[in-house]
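protein11.cif, holding mmCIF, C-alpha atoms:
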data_query
#
loop_
_atom_site.group_PDB
_atom_site.id
_atom_site.type_symbol
_atom_site.label_atom_id
_atom_site.label_comp_id
_atom_site.auth_asym_id
_atom_site.auth_seq_id
_atom_site.Cartn_x
_atom_site.Cartn_y
_atom_site.Cartn_z
ATOM 1 C CA ARG A 247 -13.083 11.855 2.429
ATOM 2 C CA GLY A 248 -13.929 9.251 -0.195
ATOM 3 C CA PHE A 249 -11.613 7.506 -2.610
ATOM 4 C CA GLU A 250 -11.687 8.510 -6.244
ATOM 5 C CA PHE A 251 -10.786 4.908 -7.089
ATOM 6 C CA ASP A 252 -13.898 3.416 -5.430
ATOM 7 C CA HIS A 253 -15.452 2.933 -8.862
ATOM 8 C CA ALA A 254 -12.879 0.239 -9.647
ATOM 9 C CA LEU A 255 -13.805 -1.981 -6.707
ATOM 10 C CA LYS A 256 -16.498 -4.632 -6.655
ATOM 11 C CA TYR A 257 -16.966 -6.987 -3.746
ATOM 12 C CA LEU A 258 -18.333 -10.429 -3.085
ATOM 13 C CA PRO A 259 -21.351 -10.003 -0.778
ATOM 14 C CA GLU A 260 -20.724 -10.650 2.916
ATOM 15 C CA ASP A 261 -23.361 -13.391 3.015
ATOM 16 C CA SER A 262 -21.789 -15.311 0.132
ATOM 17 C CA GLY A 263 -20.440 -17.991 2.455
ATOM 18 C CA VAL A 264 -16.952 -17.780 0.941
ATOM 19 C CA ASN A 265 -14.271 -18.109 3.614
ATOM 20 C CA VAL A 266 -11.491 -15.699 2.643
ATOM 21 C CA PRO A 267 -9.244 -13.460 4.759
ATOM 22 C CA PHE A 268 -10.620 -10.333 3.059
ATOM 23 C CA ARG A 269 -13.908 -9.818 1.278
ATOM 24 C CA MET A 270 -13.067 -11.124 -2.151
ATOM 25 C CA LEU A 271 -12.669 -8.660 -4.978
ATOM 26 C CA LEU A 272 -14.763 -9.469 -7.993
ATOM 27 C CA GLY A 273 -13.373 -8.958 -11.451
ATOM 28 C CA ARG A 274 -9.934 -8.992 -12.973
ATOM 29 C CA TYR A 275 -6.923 -7.215 -11.437
ATOM 30 C CA VAL A 276 -3.343 -7.120 -12.665
ATOM 31 C CA ILE A 277 -0.833 -6.442 -9.896
ATOM 32 C CA ALA A 278 2.252 -4.920 -11.515
ATOM 33 C CA ASP A 279 5.780 -3.872 -10.758
ATOM 34 C CA ILE A 280 8.305 -2.364 -13.147
ATOM 35 C CA GLU A 281 12.032 -1.820 -12.772
ATOM 36 C CA ALA A 282 13.449 0.973 -14.917
ATOM 37 C CA THR A 283 16.634 2.683 -16.024
ATOM 38 C CA GLY A 284 15.972 5.595 -13.663
ATOM 39 C CA LEU A 285 13.369 7.954 -12.257
ATOM 40 C CA GLY A 286 13.267 10.661 -14.929
ATOM 41 C CA PRO A 287 10.730 11.093 -17.744
ATOM 42 C CA GLU A 288 13.045 9.355 -20.236
ATOM 43 C CA ARG A 289 13.222 6.175 -18.128
ATOM 44 C CA GLN A 290 12.846 2.847 -19.897
ATOM 45 C CA MET A 291 11.586 -0.483 -18.570
ATOM 46 C CA ILE A 292 14.145 -3.196 -17.789
ATOM 47 C CA GLU A 293 11.924 -5.685 -15.945
ATOM 48 C CA LEU A 294 8.180 -6.237 -15.824
ATOM 49 C CA ALA A 295 6.101 -8.513 -13.589
ATOM 50 C CA LEU A 296 2.325 -8.959 -13.750
ATOM 51 C CA ILE A 297 0.229 -11.056 -11.365
ATOM 52 C CA ILE A 298 -3.179 -11.810 -12.859
ATOM 53 C CA VAL A 299 -5.939 -12.063 -10.260
ATOM 54 C CA GLU A 300 -9.568 -12.878 -11.006
ATOM 55 C CA ASP A 301 -12.282 -12.946 -8.349
ATOM 56 C CA GLY A 302 -9.614 -13.068 -5.661
ATOM 57 C CA LYS A 303 -7.626 -15.967 -7.132
ATOM 58 C CA VAL A 304 -4.224 -15.804 -8.811
ATOM 59 C CA LEU A 305 -4.662 -17.152 -12.338
ATOM 60 C CA ASP A 306 -1.211 -16.598 -13.800
ATOM 61 C CA VAL A 307 2.070 -14.724 -13.464
ATOM 62 C CA PHE A 308 4.000 -13.022 -16.245
ATOM 63 C CA GLU A 309 7.554 -11.772 -15.769
ATOM 64 C CA THR A 310 10.324 -10.801 -18.133
ATOM 65 C CA LEU A 311 13.475 -8.766 -18.388
ATOM 66 C CA LEU A 312 13.284 -6.119 -21.117
ATOM 67 C CA ASN A 313 16.000 -4.717 -23.330
ATOM 68 C CA PRO A 314 15.666 -0.929 -22.887
ATOM 69 C CA LEU A 315 17.770 -0.167 -25.981
ATOM 70 C CA VAL A 316 19.657 2.430 -23.912
ATOM 71 C CA PRO A 317 22.659 2.064 -21.590
ATOM 72 C CA LEU A 318 21.942 0.723 -18.112
ATOM 73 C CA PRO A 319 23.262 3.076 -15.409
ATOM 74 C CA SER A 320 25.614 1.449 -12.909
ATOM 75 C CA ARG A 321 23.525 2.714 -9.999
ATOM 76 C CA ILE A 322 20.558 0.712 -11.307
ATOM 77 C CA THR A 323 22.700 -2.422 -11.472
ATOM 78 C CA GLU A 324 23.761 -1.795 -7.866
ATOM 79 C CA LEU A 325 20.121 -1.330 -6.826
ATOM 80 C CA THR A 326 18.552 -4.240 -8.726
ATOM 81 C CA GLN A 327 21.474 -6.581 -9.411
ATOM 82 C CA ILE A 328 20.317 -6.615 -13.034
ATOM 83 C CA HIS A 329 23.317 -6.465 -15.371
ATOM 84 C CA ALA A 330 23.575 -5.020 -18.864
ATOM 85 C CA LYS A 331 24.611 -8.400 -20.310
ATOM 86 C CA GLU A 332 21.330 -9.929 -19.094
ATOM 87 C CA LEU A 333 19.373 -7.218 -20.888
ATOM 88 C CA ASP A 334 21.264 -7.599 -24.149
ATOM 89 C CA GLY A 335 19.555 -10.933 -24.738
ATOM 90 C CA ALA A 336 16.197 -9.940 -23.254
ATOM 91 C CA PRO A 337 13.147 -9.250 -25.450
ATOM 92 C CA LYS A 338 12.377 -5.716 -26.554
ATOM 93 C CA PHE A 339 9.023 -4.446 -25.366
ATOM 94 C CA TYR A 340 7.500 -4.631 -28.830
ATOM 95 C CA GLU A 341 8.127 -8.395 -28.770
ATOM 96 C CA VAL A 342 5.907 -8.893 -25.713
ATOM 97 C CA ALA A 343 3.547 -5.926 -26.177
ATOM 98 C CA GLN A 344 0.607 -7.873 -27.565
ATOM 99 C CA LYS A 345 0.820 -10.422 -24.760
ATOM 100 C CA VAL A 346 0.910 -7.653 -22.152
ATOM 101 C CA GLN A 347 -1.964 -5.897 -23.908
ATOM 102 C CA GLY A 348 -4.013 -9.083 -23.687
ATOM 103 C CA ILE A 349 -3.249 -9.491 -19.991
ATOM 104 C CA LEU A 350 -4.359 -5.934 -19.257
ATOM 105 C CA ARG A 351 -7.505 -6.033 -21.380
ATOM 106 C CA GLY A 352 -10.559 -5.675 -19.133
ATOM 107 C CA ALA A 353 -8.449 -5.554 -15.963
ATOM 108 C CA THR A 354 -7.764 -2.988 -13.276
ATOM 109 C CA PHE A 355 -4.066 -2.113 -13.132
ATOM 110 C CA VAL A 356 -2.704 -2.108 -9.565
ATOM 111 C CA SER A 357 0.776 -0.996 -8.527
ATOM 112 C CA HIS A 358 2.623 0.793 -5.756
ATOM 113 C CA ASN A 359 2.934 4.241 -7.309
ATOM 114 C CA VAL A 360 0.845 4.081 -10.460
ATOM 115 C CA ALA A 361 2.157 7.531 -11.409
ATOM 116 C CA PHE A 362 5.597 5.949 -11.916
ATOM 117 C CA ASP A 363 4.610 2.631 -13.492
ATOM 118 C CA TRP A 364 1.652 3.330 -15.761
ATOM 119 C CA PRO A 365 3.163 6.170 -17.875
ATOM 120 C CA MET A 366 6.024 3.868 -18.914
ATOM 121 C CA LEU A 367 3.627 1.195 -20.153
ATOM 122 C CA GLU A 368 1.275 3.682 -21.751
ATOM 123 C CA SER A 369 4.149 5.408 -23.568
ATOM 124 C CA ALA A 370 5.547 2.103 -24.818
ATOM 125 C CA PHE A 371 2.126 1.077 -26.169
ATOM 126 C CA THR A 372 1.611 4.493 -27.780
ATOM 127 C CA LEU A 373 4.934 4.247 -29.624
ATOM 128 C CA MET A 374 3.632 1.040 -31.187
ATOM 129 C CA GLY A 375 0.298 2.576 -32.118
ATOM 130 C CA LEU A 376 -1.499 0.472 -29.516
ATOM 131 C CA GLU A 377 -4.096 1.800 -27.107
ATOM 132 C CA VAL A 378 -4.731 0.178 -23.739
ATOM 133 C CA LYS A 379 -7.484 1.602 -21.563
ATOM 134 C CA THR A 380 -7.635 0.325 -18.013
ATOM 135 C CA LYS A 381 -8.730 1.510 -14.613
ATOM 136 C CA GLN A 382 -5.907 2.022 -12.153
ATOM 137 C CA LEU A 383 -5.484 1.569 -8.405
ATOM 138 C CA CYS A 384 -2.452 2.864 -6.538
ATOM 139 C CA THR A 385 -1.545 1.156 -3.267
ATOM 140 C CA LEU A 386 0.622 4.156 -2.350
ATOM 141 C CA ARG A 387 -2.357 6.510 -2.502
ATOM 142 C CA MET A 388 -4.595 3.973 -0.779
ATOM 143 C CA ALA A 389 -2.120 3.716 2.091
ATOM 144 C CA GLN A 390 -1.835 7.496 2.405
ATOM 145 C CA GLU A 391 -5.618 7.655 2.746
ATOM 146 C CA LEU A 392 -6.065 4.665 5.036
ATOM 147 C CA ILE A 393 -3.002 4.998 7.304
ATOM 148 C CA PRO A 394 -2.663 8.695 8.091
ATOM 149 C CA GLY A 395 0.372 9.710 10.101
ATOM 150 C CA LEU A 396 2.751 6.970 8.968
ATOM 151 C CA ARG A 397 6.293 8.339 8.688
ATOM 152 C CA GLY A 398 6.931 6.680 5.307
ATOM 153 C CA TYR A 399 4.859 5.096 2.542
ATOM 154 C CA THR A 400 7.420 3.188 0.510
ATOM 155 C CA LEU A 401 6.613 -0.421 -0.291
ATOM 156 C CA GLU A 402 9.197 -1.428 2.292
ATOM 157 C CA ASP A 403 7.688 0.872 4.960
ATOM 158 C CA LEU A 404 4.210 -0.521 4.400
ATOM 159 C CA CYS A 405 5.303 -4.151 4.316
ATOM 160 C CA LYS A 406 7.028 -3.576 7.643
ATOM 161 C CA PHE A 407 3.848 -2.003 9.030
ATOM 162 C CA PHE A 408 1.732 -4.996 7.967
ATOM 163 C CA HIS A 409 4.465 -7.575 8.773
ATOM 164 C CA ILE A 410 4.647 -8.681 5.143
ATOM 165 C CA LYS A 411 7.850 -10.546 4.310
ATOM 166 C CA MET A 412 9.806 -9.186 1.367
ATOM 167 C CA ALA A 413 12.473 -10.845 -0.769
ATOM 168 C CA SER A 414 14.861 -9.514 -3.429
ATOM 169 C CA ARG A 415 13.840 -5.880 -3.042
ATOM 170 C CA HIS A 416 13.880 -3.888 -6.292
ATOM 171 C CA ARG A 417 13.146 -6.894 -8.461
ATOM 172 C CA ALA A 418 9.841 -6.879 -10.314
ATOM 173 C CA LEU A 419 8.241 -10.176 -9.309
ATOM 174 C CA PRO A 420 9.081 -10.097 -5.567
ATOM 175 C CA ASP A 421 7.897 -6.481 -5.428
ATOM 176 C CA ALA A 422 4.696 -7.369 -7.316
ATOM 177 C CA ARG A 423 4.031 -10.165 -4.829
ATOM 178 C CA ALA A 424 4.616 -7.774 -1.940
ATOM 179 C CA THR A 425 2.274 -5.253 -3.594
ATOM 180 C CA PHE A 426 -0.422 -7.923 -3.905
ATOM 181 C CA SER A 427 -0.103 -8.762 -0.196
ATOM 182 C CA LEU A 428 -0.215 -5.064 0.625
ATOM 183 C CA PHE A 429 -3.273 -4.580 -1.590
ATOM 184 C CA LYS A 430 -5.141 -7.294 0.317
ATOM 185 C CA GLU A 431 -4.220 -5.746 3.667
ATOM 186 C CA LEU A 432 -5.331 -2.303 2.513
ATOM 187 C CA MET A 433 -8.611 -3.673 1.230
ATOM 188 C CA ASP A 434 -9.152 -5.284 4.618
ATOM 189 C CA LEU A 435 -8.821 -1.820 6.155
ATOM 190 C CA ARG A 436 -10.869 -0.178 3.421
ATOM 191 C CA ILE A 437 -14.002 -2.278 3.626
ATOM 192 C CA GLU A 438 -16.253 -0.819 6.284
ATOM 193 C CA ALA A 439 -17.736 -4.107 7.472
ATOM 194 C CA ARG A 440 -14.382 -5.842 7.433
ATOM 195 C CA THR A 441 -14.103 -9.454 8.502
ATOM 196 C CA SER A 442 -10.684 -8.951 10.086
ATOM 197 C CA THR A 443 -10.408 -8.294 13.823
ATOM 198 C CA LYS A 444 -6.808 -7.047 13.558
ATOM 199 C CA GLN A 445 -5.951 -3.651 14.992
ATOM 200 C CA TYR A 446 -3.135 -1.454 13.687
ATOM 201 C CA PHE A 447 -1.215 1.357 15.332
ATOM 202 C CA LEU A 448 1.514 3.685 14.097
ATOM 203 C CA PRO A 449 5.041 2.709 15.197
ATOM 204 C CA GLN A 450 5.510 6.048 16.978
ATOM 205 C CA HIS A 451 2.433 5.365 19.132
ATOM 206 C CA GLU A 452 3.096 1.746 20.096
ATOM 207 C CA ASP A 453 5.373 2.647 23.026
ATOM 208 C CA PHE A 454 2.628 4.776 24.603
ATOM 209 C CA LEU A 455 0.153 1.904 24.252
ATOM 210 C CA LYS A 456 2.537 -0.483 25.984
ATOM 211 C CA LYS A 457 3.040 1.855 28.937
ATOM 212 C CA VAL A 458 -0.398 3.324 29.580
ATOM 213 C CA PRO A 459 -2.240 1.528 32.433
ATOM 214 C CA THR A 460 -5.795 0.251 32.440
ATOM 215 C CA HIS A 461 -6.718 2.392 35.468
ATOM 216 C CA ALA A 462 -9.119 5.316 35.643
ATOM 217 C CA GLY A 463 -7.567 8.684 34.950
ATOM 218 C CA VAL A 464 -7.120 11.694 32.681
ATOM 219 C CA LEU A 465 -5.556 11.290 29.232
ATOM 220 C CA THR A 466 -3.838 14.120 27.324
ATOM 221 C CA LEU A 467 -2.618 13.976 23.716
ATOM 222 C CA ARG A 468 -0.315 16.731 22.396
ATOM 223 C CA ASP A 469 1.227 17.704 19.074
ATOM 224 C CA LYS A 470 4.922 18.467 18.484
ATOM 225 C CA GLU A 471 4.417 22.063 19.716
ATOM 226 C CA LYS A 472 2.950 20.691 22.984
ATOM 227 C CA LYS A 473 -0.514 21.916 22.009
ATOM 228 C CA VAL A 474 -3.318 19.867 23.568
ATOM 229 C CA LEU A 475 -5.170 17.869 20.938
ATOM 230 C CA CYS A 476 -7.336 15.841 23.288
ATOM 231 C CA LEU A 477 -8.022 15.951 27.041
ATOM 232 C CA GLU A 478 -10.432 13.323 28.349
ATOM 233 C CA SER A 479 -11.254 11.588 31.601
ATOM 234 C CA THR A 480 -11.915 7.870 31.456
ATOM 235 C CA ALA A 481 -12.459 4.756 33.532
ATOM 236 C CA ASP A 482 -9.807 2.935 31.451
ATOM 237 C CA LEU A 483 -6.858 4.928 30.138
ATOM 238 C CA ARG A 484 -5.577 2.197 27.856
ATOM 239 C CA ALA A 485 -8.954 1.454 26.283
ATOM 240 C CA LEU A 486 -9.458 5.136 25.498
ATOM 241 C CA LEU A 487 -5.978 5.495 23.991
ATOM 242 C CA ILE A 488 -6.588 2.443 21.769
ATOM 243 C CA GLN A 489 -9.852 3.987 20.611
ATOM 244 C CA LEU A 490 -8.161 7.301 19.794
ATOM 245 C CA LEU A 491 -5.000 5.979 18.123
ATOM 246 C CA GLU A 492 -6.157 2.904 16.236
ATOM 247 C CA VAL A 493 -5.426 3.333 12.529
ATOM 248 C CA ARG A 494 -8.811 4.306 11.146
ATOM 249 C CA PRO A 495 -9.791 7.137 8.778
ATOM 250 C CA GLU A 496 -11.940 8.802 11.456
ATOM 251 C CA ASN A 497 -8.830 9.159 13.663
ATOM 252 C CA ARG A 498 -6.907 10.986 10.913
ATOM 253 C CA ASP A 499 -6.309 14.258 12.768
ATOM 254 C CA LEU A 500 -4.907 12.626 15.912
ATOM 255 C CA LEU A 501 -2.859 10.099 13.930
ATOM 256 C CA GLU A 502 -1.225 12.838 11.877
ATOM 257 C CA ARG A 503 -0.574 15.240 14.757
ATOM 258 C CA CYS A 504 -0.165 13.295 18.007
ATOM 259 C CA GLU A 505 3.463 13.232 19.186
ATOM 260 C CA GLU A 506 3.104 12.982 22.970
ATOM 261 C CA VAL A 507 0.744 11.140 25.304
ATOM 262 C CA GLU A 508 0.408 11.914 29.006
ATOM 263 C CA TRP A 509 -1.824 10.400 31.632
ATOM 264 C CA GLU A 510 -2.701 10.896 35.268
ATOM 265 C CA VAL A 511 -4.046 7.978 37.251
ATOM 266 C CA THR A 512 -6.817 9.065 39.586
ATOM 267 C CA GLY A 513 -7.629 5.655 41.025
ATOM 268 C CA SER A 514 -11.359 6.199 40.703
ATOM 269 C CA PRO A 515 -13.690 6.732 37.766
ATOM 270 C CA LEU A 516 -15.475 9.384 39.811
ATOM 271 C CA LEU A 517 -12.279 11.395 40.274
ATOM 272 C CA ALA A 518 -11.457 11.045 36.599
ATOM 273 C CA ALA A 519 -14.835 12.459 35.547
#

What would you get if you wrote out this structure as C-alpha cells?
Amino acid sequence: RGFEFDHALKYLPEDSGVNVPFRMLLGRYVIADIEATGLGPERQMIELALIIVEDGKVLDVFETLLNPLVPLPSRITELTQIHAKELDGAPKFYEVAQKVQGILRGATFVSHNVAFDWPMLESAFTLMGLEVKTKQLCTLRMAQELIPGLRGYTLEDLCKFFHIKMASRHRALPDARATFSLFKELMDLRIEARTSTKQYFLPQHEDFLKKVPTHAGVLTLRDKEKKVLCLESTADLRALLIQLLEVRPENRDLLERCEEVEWEVTGSPLLAA
C-alpha cells in the first residue's frame, strides 16, 4: 500500500556522490512541535518550535513560548514544566504570526501527529485573516505504515525503537529535534534503494531471534490464538526468522500477528525439507 504523502518527497539521486546517512531530501521542510493547553478542540498553543531544513541541511531554528490568553491548566504545568508566569510575558501568536508564515511559505510541514499540530496553527492564522497553504507529512502515520506491529507509536516509543536520545520530553524544541531524527530514520526505511544496512526488529520478537539456532530445522510462527501463520523448513532457522520478521512493509502480516515462534532442529537440511 502506497503513501498518500509520497507527492511531498523529492530525493537527491543515488549517483549524486553526496555522502549522507540517508538519501538527502530536496526542498524545504519545517519540522515542528507544539505544546498546548490541552488536547481538546479549544486548545491553545503555549510553545512552538520550528526547525528549518533545506536540501537536507538545517538552516535555522525558531522557538518561542506563546501567551495563550487563557488559563494554563496545572496538569500541563506538571507535564511540561512551563509555568503561567512565563507565559504572561511571552508574545501572543499574532506578534509572531508573520514570521511563522514566512518560515512555512513554500515548505512541507512535518510533525509527529500533524492532526494535532496543524489545526492549531491553521486556526490561529485564520483568526488573523492569514492563509498558509503547505503540504504536510506526519511521522506518526509514516511509522504506522513502515513499522507494522509495534506496540506503541508515541514519539517516545519510536525514539526508543530507533535508539534516538531524547531530552526534556514535552518541550517543543527537544521534541522537534527528536522528530527530525525520527523523520530521517523513517525516510531511511522508506526509500526502496536505501543506503543503510541497518536491520530493525520489533521488541517482542527480539528474544526469539536471540534464541533461535542457525541449524537446519522446521520453523513455526503462530498468532495469539495459536493459529499457524507460517510453517517452513530451512537449512538455517535463524536466517529464515530474520527474513520473516525484519521490519519491512512486505512482512506486515507476520509483524502484526506473530506472537509465538517455535522451531525443531532436524540436524540436516534434507530432514528439514

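One finds CA of Arg415 in chain A at 8.6 Å from CA of Leu325 in chain A.
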
Worksheet item: Counting all atoms listed in the file, what is within 9 Å of Thr310 in chain A, bar same-chain residues fewer than 5 positions away, as an MDAnalysis selection string?
Response: chainID A and resid 292:295 336:337 342 418

Discussion item. To one decimal place in Å, what is the distance between CA of Asp301 in chain A and CA of Arg274 in chain A?
Written reply: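 Calculated distance between CA of Asp301 in chain A and CA of Arg274 in chain A is 6.5 Å.
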
List the spatial neighbours of Leu296 in chain A as an mmCIF file with C-alpha atoms, keeping the file's coordinate frame - criterion: any atom at most 7 Å away, only C-alpha atoms, same-chain residues fewer than 5 positions off excluded.
data_model
loop_
_atom_site.group_PDB
_atom_site.id
_atom_site.type_symbol
_atom_site.label_atom_id
_atom_site.label_comp_id
_atom_site.auth_asym_id
_atom_site.auth_seq_id
_atom_site.Cartn_x
_atom_site.Cartn_y
_atom_site.Cartn_z
ATOM 1 C CA VAL A 276 -3.343 -7.120 -12.665
ATOM 2 C CA ILE A 277 -0.833 -6.442 -9.896
ATOM 3 C CA ALA A 278 2.252 -4.920 -11.515
ATOM 4 C CA ASP A 279 5.780 -3.872 -10.758
ATOM 5 C CA VAL A 307 2.070 -14.724 -13.464
ATOM 6 C CA PHE A 308 4.000 -13.022 -16.245
ATOM 7 C CA GLU A 309 7.554 -11.772 -15.769
#

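For the pair CA of Lys430 in chain A and CA of Glu502 in chain A, the interatomic distance is 23.5 Å.
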
Worksheet entry | Chain and number of each residue from the PyMOL selection byres ((chain A and resi 507) around 12), as JSON, numbers by chain | {"A": [450, 451, 452, 453, 454, 455, 456, 457, 458, 464, 465, 466, 467, 468, 469, 470, 472, 473, 474, 475, 476, 477, 478, 483, 484, 486, 487, 488, 490, 491, 500, 501, 503, 504, 505, 506, 508, 509, 510]}

Discussion item. Need the shell around range 389-401 of chain A: protein/DNA/RNA residues with any atom at most 10 Å away, counting all atoms listed in the file. Skip same-chain ones fewer than 6 positions apart. Format as JSON, numbers by chain?
Written reply: {"A": [247, 248, 249, 358, 359, 407, 412, 415, 421, 424, 425, 428, 429, 431, 432, 433, 435, 436, 446, 447, 448, 449, 450, 492, 493, 494, 495, 496, 497, 498, 499, 500, 501, 502, 503, 504]}

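Comparing the minimum interatomic distances between Lys411 in chain A and each of A:Gly348, A:Phe426, A:Gly302, A:Ile280, counting all atoms listed in the file, we find that A:Phe426 sits nearest.
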
Worksheet item: From the list A:Ala343, A:Gly463, A:Thr326, A:Leu315, which residue is nearest Ala413 in chain A when using all atoms listed in the file?
Response: A:Thr326

Worksheet item: Which polymer residues have any atom within 10 Å of an atom of range 365-367 of chain A, counting all atoms listed in the file, with same-chain residues fewer than 6 positions away left out, as a list of chain:residue names?
Response: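 Skipping anything fewer than 6 positions along the chain leaves A:Ile280, A:Ala282, A:Pro287, A:Glu288, A:Arg289, A:Gln290, A:Met291, A:Leu294, A:Phe339, A:Ala343, A:Val346, A:Gln347, A:Val378.
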
Worksheet entry | A:Asp403, A:Phe362, A:Gly352, A:Leu318 ranked by distance to Leu285 in chain A, top pick (using only C-alpha atoms) | A:Phe362

Item to complete: Would you mind telling me which residue in A:Asp363, A:Leu404, A:His416, A:Thr354 lies nearest to Thr323 in chain A when using all atoms listed in the file?
Response: A:His416

Worksheet entry | Closest of A:Val360, A:Ala485, A:Leu271, A:Leu350 to Lys303 in chain A - atom-to-atom distances counting only C-alpha atoms | A:Leu271
